[in-house]
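Take a look at the structure below.
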Amino acid sequence: MGQSYEWKILNGEVIKMPPYIVVGILNVTPDSFFDGGKYLDKEKAISGVKEMVEHGADIIDIGGESTRPFSKRICAEEEMRRVMPVLQWTVENFKDIVVSVDTYKAVVAEEALKKGAKIINDVSACRFDPDLLDIICEYKPGYVLMHSKGRPEDMQKDPRYEDVVSELMNFFEQNLKKLTTSGLPEQNIVIDPGIGFGKTLEHNLVILQNIEKFFELGRPVYMGLSNKSIWEKLLGLPKEDRETATQVATALLANRGVYIHRVHDVKKTKDTLKIVEAFKSV
C-alpha cells in the first residue's frame, strides 16, 4: 500500500498512480452479463460515453464481444463493426480521454490502435490469438494482462486450483517474462486477477483477501468486479441490486492499494474513491 506506479500507454504517454484510475465499461454487445444491449446502438453508446466522461472517467473501455461465462464467440468483422464507430467518435470528440479496447483478436487490436485506442484489455493473455503478441509488441500500447482459466464458453465448468493465489502468481510471472522478452516494456503492463473468469466464489474471495500478494509483481492491479456474479453467490443479489456491494468492495480494495477500477457506474465509483482518499488524509 502506498506504492507509486507509472503505466505507459500508446505513444509513450504515461498514466500516474496514485490517485485512482476509473475505467468506464462500454459494452457495445447484445449479450454482456450486465449491460448487454444497452449500448449496442451507436447513438446510445455515444450517450454512454458522454455520461461517463461527464462523471469523471479516466479511461473508456469499449468491448464488442461478450466474454461472460458460456458466451459465444463472434468473428472479427462483426466485432469491428460494433467497436470502431464508437471508438472513432470518442477519440475525435474527447481528446483527453484514454480509450481502451477489450479484445483478444490481433486484427481488432491493430485496427483499434490505428484508430486511436491506447490500451488493449485482453482476457486471454495472448493465448486465443497468438498473433496478438506481435501486435502488442509492435505498437506498445498499455496492456491489461488478465488471468482466465479456460475460455469464456467453458471457464466456469468446475474450475479447480491447488492454491489459487500461487497459481495466479506463477501465471503472471511467466506471462510478464514472455511479454517483456518479446518486446513489450514492463511499464506498459498492468495485471488483472480475472475475478469470475474460471473461478468459484471461494477462489474469488481468496484472491481478494490476498490482493497485496500481487503487488509483489511490481505492477498495478487492475480490478474488475463491478456487478459480477460473486455478489449473487455471496449475497443472493440479482444483477440490478449489486451496486452497493460493488462500491463496498471497491472502497476496501482501494484502501489496500488497488488503483485501477473497471466499473459500470463511474459517478458512484468516483464518489467512493473520494471518500477513501479523504479518510486517508485525516
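Each chain in the C-alpha cells gets a letter, A, B, ..., in the order shown, and its residues are numbered from 1; ligands are numbered from 1 in order too.
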For this session: Would you return as a PyMOL selection string the members of segment 25-258 of chain A that DSSP assigns to helix (DSSP H, G or I) on this structure's backbone?
Result: chain A and resi 42-54+76-93+106-114+131-139+164-182+186-188+201-209+211-217+230-235+239-241+243-255
For this session: Name the residues in contact with Tyr143 of chain A at a cut-off of 7 Å, using only C-alpha atoms, excluding same-chain residues fewer than 5 positions from it; report them as a PyMOL selection string.
Result: chain A and resi 119-121+188-190
Serialized selection, C-alpha atoms, as a compact mmCIF listing (two decimals), in the first residue's frame:
# COMPACT_ATOMS: atom_id res chain seq x y z
CA ILE A 119 -4.81 0.37 -24.32
CA ILE A 120 -5.65 -3.24 -25.16
CA ASN A 121 -7.58 -5.10 -22.47
CA ASN A 188 3.18 -0.89 -20.27
CA ILE A 189 1.59 -3.79 -18.38
CA VAL A 190 -0.95 -3.91 -15.57
Seminar exercise, completed: atom CA of Thr269 of chain A to atom CA of Cys126 of chain A measures 29.8 Å
For this session: Give the answer as one residue: which of A:Leu208, A:Val28, A:Val22, A:Ile230 has the shortest atom-to-atom distance to Asp265 of chain A, using only C-alpha atoms?
Result: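 Smallest separation from Asp265 of chain A among the options: A:Val22.
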For this session: Write out as a ChimeraX atom specification each polymer residue whose atoms come within 9 Å of segment 249-264 of chain A, counting only C-alpha atoms; drop sequence neighbours fewer than 4 positions from it.
Result: /A:1-3,17-26,34-35,59,61,208,211-212,215,220-227,243-245,269,272-273,275-277,280
For this session: Name the closest residue to Lys149 of chain A among the candidates A:Gly198, A:Gly218, A:Lys178, A:Met80; distances are taken between atoms, counting only C-alpha atoms.
Result: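 Ranking A:Gly198, A:Gly218, A:Lys178, A:Met80 by distance to Lys149 of chain A, first place goes to A:Gly198.
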For this session: Would you mind listing what lies within 10 Å of Val98 of chain A as a ChimeraX atom specification, with only C-alpha atoms counted and same-chain residues fewer than 5 positions away left out?
Result: /A:9-10,15,23,57-61,90-91,116-119
